[in-house]
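**Student:** Could you have a look at this structure, given as C-alpha cells, before my questions?
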Amino acid sequence: MSMDSFEKYEFTWNGKKAALARAKEPSRKTFCLCREESRNLDTTGNLYLEGDNLEVLKLLQESFLGAVRVIYIDPPYNTGNDLIYHDDMEDSGWCSMMYARLLLARNLLMEDGVIFISIDDNEQANLKKICDEVFGADNYLNQLVWVSNMTGRQISGHGAAKTWESILVYAKNIAVSPSLTVDVDFAKKKMPDAYKGFRKDIRSDAYGDFAVGDTLYNHNRKFNEETRPTLVFSIFYNPGTGEIVTGDIGSTIEGFVELLPHANGDGTHKYHAWRWSRKKIARESKDLIVLPTSSGGYEIYTKIRNYNTTLLKDIITNIPNGDSELRKLFGGRKIFDYPKSTDLMRVLIGSVDDKEAVVLDFFSGSATTAHAVMLLNAKDGGHRRFIMVQKPEICEEKSEACKAGYGNICEIGKERIRRAGDKIKAEYSKKDTEPDVGFIVLKLTDADK
C-alpha cells in the first residue's frame with residue numbers, strides 16, 4: 001500500500017493541540033453573585049456573566065449542557081483593531097481562540113440547536129474550516145449575506161467597495177434542525193429589497209384560517225413513475241362532501257372524481273409524482289383543498305396554516321448596523337463601535353421558531369442580543385431567556401465611553417440592558433404578560449476565594 005493512501009485533508013495550525021487541551025482543562029473559577037448590579041433578581045431567568053468566555057463556557061457545561069437552542073456570536077474579526085483578546089490577534093492564535101470556545105459551545109446546544117456567527121473576509125475561510133471540524137461539515141446550514149452598508153467601504157485601497165458581511169450558520173444535528181423562517185410582515189417592512197409580494201388567497205375551514213399553497217404535484221420531471229413509483233397514484237375527490245382519498249390510477253370510486261397525476265413532459269415518462277405519499281394524504285387530508293380549474297376540471301393544493309411566516313432567505317438587506325439605535329439609548333453618545341442592530345438579531349434569533357429558547361451570546365459586546373431577546377418576547381409573548389458573556393475589557397481613556405463614565409465593556413452592556421428594558425416596559429405595559437427585562441449578574445472569580 002502506498003503512503004499516499006494514508007494522506008487525508010486536515011486543517012491545522014500551530015497551537016491547535018494546545019487549544020484542544022485548554023478546552024478540556026477543568027476550570028478553577030467560580031461565579032460570584034453581584035446583587036447590586038442585578039435587576040429583578042428573584043424573578044428573572046436571564047444571566048449576565050462577566051469574565052473570560054473560555055472559563056465561563058466551561059462552567060456553563062454544568063447547568064446548560066444540551067440546553068441552549070440558539071447561539072449568536074460576533075467574535076473579534078482579527079483586523080488588528082479588535083478590543084478583545086489582544087494576545088490572540090494573529091492567525092494561529094485567533095484560530096486557537098475560536099476553536100477552544102466553539103468546542104465548548106457545541107456541547108451547550110440542544111440537539112436541534114443552531115449557531116450563528118458573524119465574521120468578515122479576514123477570517124471567514126478559517127472560521128468555516130474550524131466550524132466544519134467542530135460541528136461537522138454535514139451540519140452546515142447557510143452562509144448568510146448581511147448587506148450592512150450599501151454605500152460600500154474601501155479600506156485597503158484596492159478592489160471593489162465592500163457592502164456585506166458573512167453570518168455562518170450551523171446546526172447541532174441537521175437531521176432534526178428546523179427550517180429558518182421569518183415573519184412576513186416584519187420581512188416586508190424591514191427588508192423590502194429581499195421580500196416582495198406575498199399576496200395570499202386566505203380562506204377558512206373548521207380548523208381555522210389558512211392560505212392556499214402550492215399544487216400537490218412535484219414540478220420536477222425527474223420525479224416520476226420510474227424514480228418515485230410509490231408517489232404516482234390517483235387522488236379521488238368528492239365534490240359534495242369535500243372528502244379526499246387515494247387509489248390506483250384508472251380505478252373508480254362512486255361519488256368521487258379521479259384526479260390523475262400531472263402529465264410528464266420529458267418525452268419518456270407518463271406522470272409527475274405527487275409531493276405527498278398515500279399515508280400522508282390519509283393522515284393530513286384536512287390540509288389539502290381541491291379547487292375547480294378554468295377548463296372545468298380540478299386541481300389539488302396544500303393549505304398553509306402558518307401563512308404569516310416564510311423561509312428566511314440567505315441575503316439580509318436594508319438593515320444597517322446598530323450605531324444610531326445605540327446612540328439614542330445613550331443620549332446621542334457614541335459609546336461603542338460597530339454594534340449590531342436589534343433588527344438583525346430579531347431576524348436571526350426569530351428565525352428559530354421557539355418562544356421558550358435559551359439564547360447564548362458569549363461575545364456579548366454592547367448586549368444587542370439581550371436587547372433583541374427582550375424585544376422579541378414583548379412582541380410575540382415569548383419567554384426566551386438570554387445568557388450574555390463578556391470579558392470586562394477596559395475602555396480606552398480618551399473614548400466616549402470612558403468620558404461618559406463607563407470603565408469597561410461590561411458596564412456598557414449592563415446599562416444598555418437596563419435602558420432597553422425600561423423602554424420596552426413603557427412601550428408594552430398594556431400587554432397581558434410583562435416581558436422579563438431583568439438579569440442576574442455573576443462575575444467570574446477564583447474558586448478558592
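Identifiers for the C-alpha cells are assigned positionally: chains receive A, B, ... in sequence, residues are indexed from 1 per chain, and ligands are indexed from 1 in the order shown.
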Write out as a compact mmCIF listing (two decimals) with C-alpha atoms, in the first residue's frame all residues of segment 313-351 of chain A that backbone DSSP assigns to alpha helix (DSSP H).
**Tutor:**
# COMPACT_ATOMS: atom_id res chain seq x y z
CA ASP A 323 -24.98 52.64 15.76
CA SER A 324 -27.89 55.10 15.64
CA GLU A 325 -30.06 52.77 17.73
CA LEU A 326 -27.44 52.61 20.49
CA ARG A 327 -26.80 56.35 20.35
CA LYS A 328 -30.48 57.03 21.02
CA LEU A 329 -30.38 54.83 24.12
CA THR A 342 -31.66 44.56 17.19
CA ASP A 343 -33.36 44.15 13.79
CA LEU A 344 -30.54 41.88 12.64
CA MET A 345 -30.74 39.89 15.87
CA ARG A 346 -34.52 39.63 15.58
CA VAL A 347 -34.09 38.16 12.08
CA LEU A 348 -31.58 35.56 13.29
CA ILE A 349 -32.97 34.62 16.72
CA GLY A 350 -36.55 34.87 15.48
**Student:** With distances taken over only C-alpha atoms, which of A:Leu216, A:Asn306, A:Val359, A:Lys129 is nearest to Ile202 of chain A?
**Tutor:** A:Asn306
**Student:** Which residues come within 12 Å of Ala175 of chain A, counting only C-alpha atoms, excluding same-chain residues fewer than 6 positions away, as a list in words?
**Tutor:**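 So the residues in contact are Glu111, Asp112, Gly113, Asp138, Asn139, Tyr140 and Leu141 of chain A.
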**Student:** Now that the selection is made, can you save its residues with N, CA, C and O atoms as an mmCIF file, in the first residue's frame?
**Tutor:**
data_model
loop_
_atom_site.group_PDB
_atom_site.id
_atom_site.type_symbol
_atom_site.label_atom_id
_atom_site.label_comp_id
_atom_site.auth_asym_id
_atom_site.auth_seq_id
_atom_site.Cartn_x
_atom_site.Cartn_y
_atom_site.Cartn_z
ATOM 1 N N GLU A 111 -30.039 19.321 20.722
ATOM 2 C CA GLU A 111 -29.847 18.508 19.525
ATOM 3 C C GLU A 111 -30.372 19.221 18.280
ATOM 4 O O GLU A 111 -29.837 19.063 17.187
ATOM 5 N N ASP A 112 -31.432 20.024 18.437
ATOM 6 C CA ASP A 112 -31.967 20.787 17.304
ATOM 7 C C ASP A 112 -31.576 22.260 17.385
ATOM 8 O O ASP A 112 -32.251 23.123 16.830
ATOM 9 N N GLY A 113 -30.451 22.530 18.063
ATOM 10 C CA GLY A 113 -29.977 23.903 18.214
ATOM 11 C C GLY A 113 -29.226 24.408 16.999
ATOM 12 O O GLY A 113 -28.811 23.636 16.124
ATOM 13 N N ASP A 138 -21.362 18.245 7.507
ATOM 14 C CA ASP A 138 -22.732 17.890 7.126
ATOM 15 C C ASP A 138 -23.762 18.750 7.849
ATOM 16 O O ASP A 138 -24.930 18.793 7.435
ATOM 17 N N ASN A 139 -23.354 19.410 8.926
ATOM 18 C CA ASN A 139 -24.288 20.233 9.699
ATOM 19 C C ASN A 139 -24.226 21.708 9.328
ATOM 20 O O ASN A 139 -24.829 22.549 10.006
ATOM 21 N N TYR A 140 -23.510 22.014 8.256
ATOM 22 C CA TYR A 140 -23.503 23.381 7.726
ATOM 23 C C TYR A 140 -24.862 23.692 7.130
ATOM 24 O O TYR A 140 -25.397 22.927 6.328
ATOM 25 N N LEU A 141 -25.456 24.818 7.520
ATOM 26 C CA LEU A 141 -26.764 25.211 7.007
ATOM 27 C C LEU A 141 -26.668 26.283 5.926
ATOM 28 O O LEU A 141 -27.173 26.113 4.827
#
**Student:** Run DSSP on the backbone and grab whatever in segment 67-183 of chain A lands in strand (DSSP E); send it over as an MDAnalysis selection string.
**Tutor:** chainID A and resid 68:73 109:119 140:147 164:171 181:183
**Student:** Which residue out of A:Leu291, A:Ala372, A:Ile300, A:Leu108 has the minimum interatomic distance to Arg275 of chain A when only C-alpha atoms are used?
**Tutor:**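 Of A:Leu291, A:Ala372, A:Ile300, A:Leu108, the one nearest Arg275 of chain A, counting only C-alpha atoms, is A:Ile300.
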**Student:** Return the single residue from A:Ile130, A:Cys32, A:Ala137, A:Val56 that is closest to Trp13 of chain A, with distances computed using only C-alpha atoms.
**Tutor:**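 Answer, going by the shortest atom-to-atom distance: A:Ile130.
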**Student:** State, in Å with one decimal place, the distance from atom CA of Tyr406 of chain A to atom CA of Ile394 of chain A.
**Tutor:** 8.9 Å
**Student:** Could you list, as a list of chain:residue names, every residue within 10 Å of Lys443 of chain A, counting only C-alpha atoms and ignoring same-chain residues fewer than 4 positions away?
**Tutor:**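 Once the nearby chain positions are removed, what remains is A:Lys29, A:Thr30, A:Phe31, A:Cys32, A:Leu33, A:Cys34, A:Tyr48, A:Leu49, A:Glu50, A:Gly51, A:Asp52, A:Val56, A:Val389, A:Gln390, A:Lys391, A:Pro392.
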**Student:** What lies within 10 Å of Ser429 of chain A using only C-alpha atoms, ignoring chain neighbours under 6 positions off, as a tab-separated table (two decimals) with all heavy atoms, in the first residue's frame?
**Tutor:**
chain	number	residue	atom	x	y	z
A	378	ALA	N	-41.47	40.69	24.04
A	378	ALA	CA	-42.50	41.71	24.19
A	378	ALA	C	-43.48	41.69	23.02
A	378	ALA	O	-44.68	41.90	23.19
A	378	ALA	CB	-41.86	43.09	24.33
A	423	LYS	N	-37.38	50.97	28.41
A	423	LYS	CA	-38.07	51.43	27.21
A	423	LYS	C	-39.11	50.40	26.77
A	423	LYS	O	-40.25	50.75	26.39
A	423	LYS	CB	-37.05	51.67	26.10
A	423	LYS	CG	-37.59	52.36	24.84
A	423	LYS	CD	-36.42	52.74	23.92
A	423	LYS	CE	-36.90	53.53	22.71
A	423	LYS	NZ	-37.66	52.69	21.76
A	435	PRO	N	-42.95	41.42	29.77
A	435	PRO	CA	-41.71	40.72	29.40
A	435	PRO	C	-40.67	40.78	30.50
A	435	PRO	O	-40.64	41.73	31.29
A	435	PRO	CB	-41.24	41.49	28.15
A	435	PRO	CG	-41.86	42.84	28.27
A	435	PRO	CD	-43.17	42.63	28.95
**Student:** Using only C-alpha atoms, which residues sit within 10 Å of Lys58 of chain A once same-chain residues fewer than 6 positions away are excluded, as a short mmCIF file (atom, residue, chain, number, x, y, z; two decimals) with all heavy atoms, in the first residue's frame?
**Tutor:**
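So selection29.cif came out as:
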data_model
loop_
_atom_site.label_atom_id
_atom_site.label_comp_id
_atom_site.auth_asym_id
_atom_site.auth_seq_id
_atom_site.Cartn_x
_atom_site.Cartn_y
_atom_site.Cartn_z
N ALA A 23 -9.39 23.57 26.20
CA ALA A 23 -10.83 23.37 26.27
C ALA A 23 -11.20 22.24 27.22
O ALA A 23 -12.26 22.27 27.85
CB ALA A 23 -11.39 23.09 24.88
N LYS A 24 -10.34 21.25 27.32
CA LYS A 24 -10.62 20.08 28.17
C LYS A 24 -10.22 20.29 29.63
O LYS A 24 -10.67 19.55 30.51
CB LYS A 24 -9.90 18.85 27.62
CG LYS A 24 -10.47 18.35 26.29
CD LYS A 24 -9.73 17.12 25.81
CE LYS A 24 -10.34 16.57 24.53
NZ LYS A 24 -9.63 15.36 24.05
N GLU A 25 -9.37 21.27 29.89
CA GLU A 25 -8.95 21.53 31.26
C GLU A 25 -10.12 21.98 32.12
O GLU A 25 -10.89 22.85 31.71
CB GLU A 25 -7.88 22.63 31.30
CG GLU A 25 -6.52 22.21 30.79
CD GLU A 25 -5.55 23.38 30.75
OE1 GLU A 25 -5.98 24.50 31.11
OE2 GLU A 25 -4.39 23.17 30.36
N PRO A 26 -10.28 21.41 33.31
CA PRO A 26 -11.35 21.89 34.19
C PRO A 26 -11.07 23.32 34.65
O PRO A 26 -9.91 23.72 34.79
CB PRO A 26 -11.32 20.92 35.36
CG PRO A 26 -9.94 20.35 35.35
CD PRO A 26 -9.51 20.31 33.91
N SER A 27 -12.11 24.08 34.84
CA SER A 27 -11.95 25.47 35.27
C SER A 27 -11.66 25.53 36.77
O SER A 27 -12.23 24.76 37.55
CB SER A 27 -13.21 26.28 34.95
OG SER A 27 -13.06 27.59 35.40
N ARG A 28 -10.80 26.46 37.13
CA ARG A 28 -10.53 26.72 38.55
C ARG A 28 -11.24 27.99 39.00
O ARG A 28 -10.88 28.58 40.01
CB ARG A 28 -9.02 26.85 38.78
CG ARG A 28 -8.25 25.55 38.53
CD ARG A 28 -6.77 25.71 38.90
NE ARG A 28 -6.06 24.45 38.78
CZ ARG A 28 -5.50 24.00 37.65
NH1 ARG A 28 -5.61 24.72 36.55
NH2 ARG A 28 -4.88 22.85 37.63
N LYS A 29 -12.25 28.35 38.23
CA LYS A 29 -13.01 29.56 38.54
C LYS A 29 -14.39 29.20 39.06
O LYS A 29 -14.85 28.07 38.98
CB LYS A 29 -13.17 30.42 37.28
CG LYS A 29 -11.85 30.84 36.63
CD LYS A 29 -11.16 31.93 37.43
CE LYS A 29 -9.92 32.43 36.70
NZ LYS A 29 -9.26 33.53 37.44
N ARG A 101 -13.25 27.64 22.14
CA ARG A 101 -14.56 28.13 22.58
C ARG A 101 -15.70 27.46 21.83
O ARG A 101 -16.75 27.17 22.43
CB ARG A 101 -14.60 29.66 22.42
CG ARG A 101 -13.74 30.36 23.48
CD ARG A 101 -13.30 31.75 23.08
NE ARG A 101 -12.57 32.42 24.14
CZ ARG A 101 -11.27 32.19 24.41
NH1 ARG A 101 -10.57 31.33 23.67
NH2 ARG A 101 -10.67 32.83 25.41
N LEU A 104 -16.53 23.96 23.20
CA LEU A 104 -17.36 24.02 24.41
C LEU A 104 -18.78 24.47 24.09
O LEU A 104 -19.75 23.98 24.66
CB LEU A 104 -16.72 24.97 25.43
CG LEU A 104 -15.39 24.50 26.00
CD1 LEU A 104 -14.69 25.63 26.75
CD2 LEU A 104 -15.60 23.30 26.93
N ALA A 105 -18.90 25.41 23.14
CA ALA A 105 -20.23 25.91 22.78
C ALA A 105 -21.10 24.82 22.17
O ALA A 105 -22.32 24.76 22.44
CB ALA A 105 -20.08 27.08 21.80
N ASN A 107 -21.24 21.74 22.89
CA ASN A 107 -21.80 20.91 23.95
C ASN A 107 -23.07 21.51 24.56
O ASN A 107 -23.93 20.80 25.05
CB ASN A 107 -20.78 20.70 25.07
CG ASN A 107 -19.55 19.93 24.62
OD1 ASN A 107 -19.59 19.21 23.63
ND2 ASN A 107 -18.46 20.11 25.34
N LEU A 108 -23.15 22.83 24.54
CA LEU A 108 -24.28 23.51 25.16
C LEU A 108 -25.53 23.49 24.29
O LEU A 108 -26.64 23.65 24.79
CB LEU A 108 -23.90 24.96 25.48
CG LEU A 108 -22.73 25.15 26.44
CD1 LEU A 108 -22.41 26.63 26.59
CD2 LEU A 108 -23.04 24.54 27.81
#
**Student:** Work out how far atom CA of Ser179 of chain A is from atom CA of Phe135 of chain A, in Å to one decimal.
**Tutor:** 17.8 Å
**Student:** Residues at most 6 Å from segment 408-415 of chain A, counting only C-alpha atoms, excluding those fewer than 3 positions away in the same chain, as a list of chain:residue names?
**Tutor:** A:Ser366, A:Ala367, A:Pro392, A:Glu393, A:Ile394, A:Cys395, A:Arg418
**Student:** Which is closer to Glu243 of chain A than all the others in A:Met374, A:Val145, A:Val290, A:Leu231, using only C-alpha atoms?
**Tutor:** A:Val290
**Student:** Using only C-alpha atoms, find the one residue out of A:Lys16, A:Asn40, A:Asp120, A:Ser63 that sits nearest to Ala100 of chain A.
**Tutor:** A:Lys16
**Student:** Could you check which of A:Phe236, A:Phe256, A:Phe198, A:Trp274 is closest to His219 of chain A, using only C-alpha atoms?
**Tutor:** A:Trp274
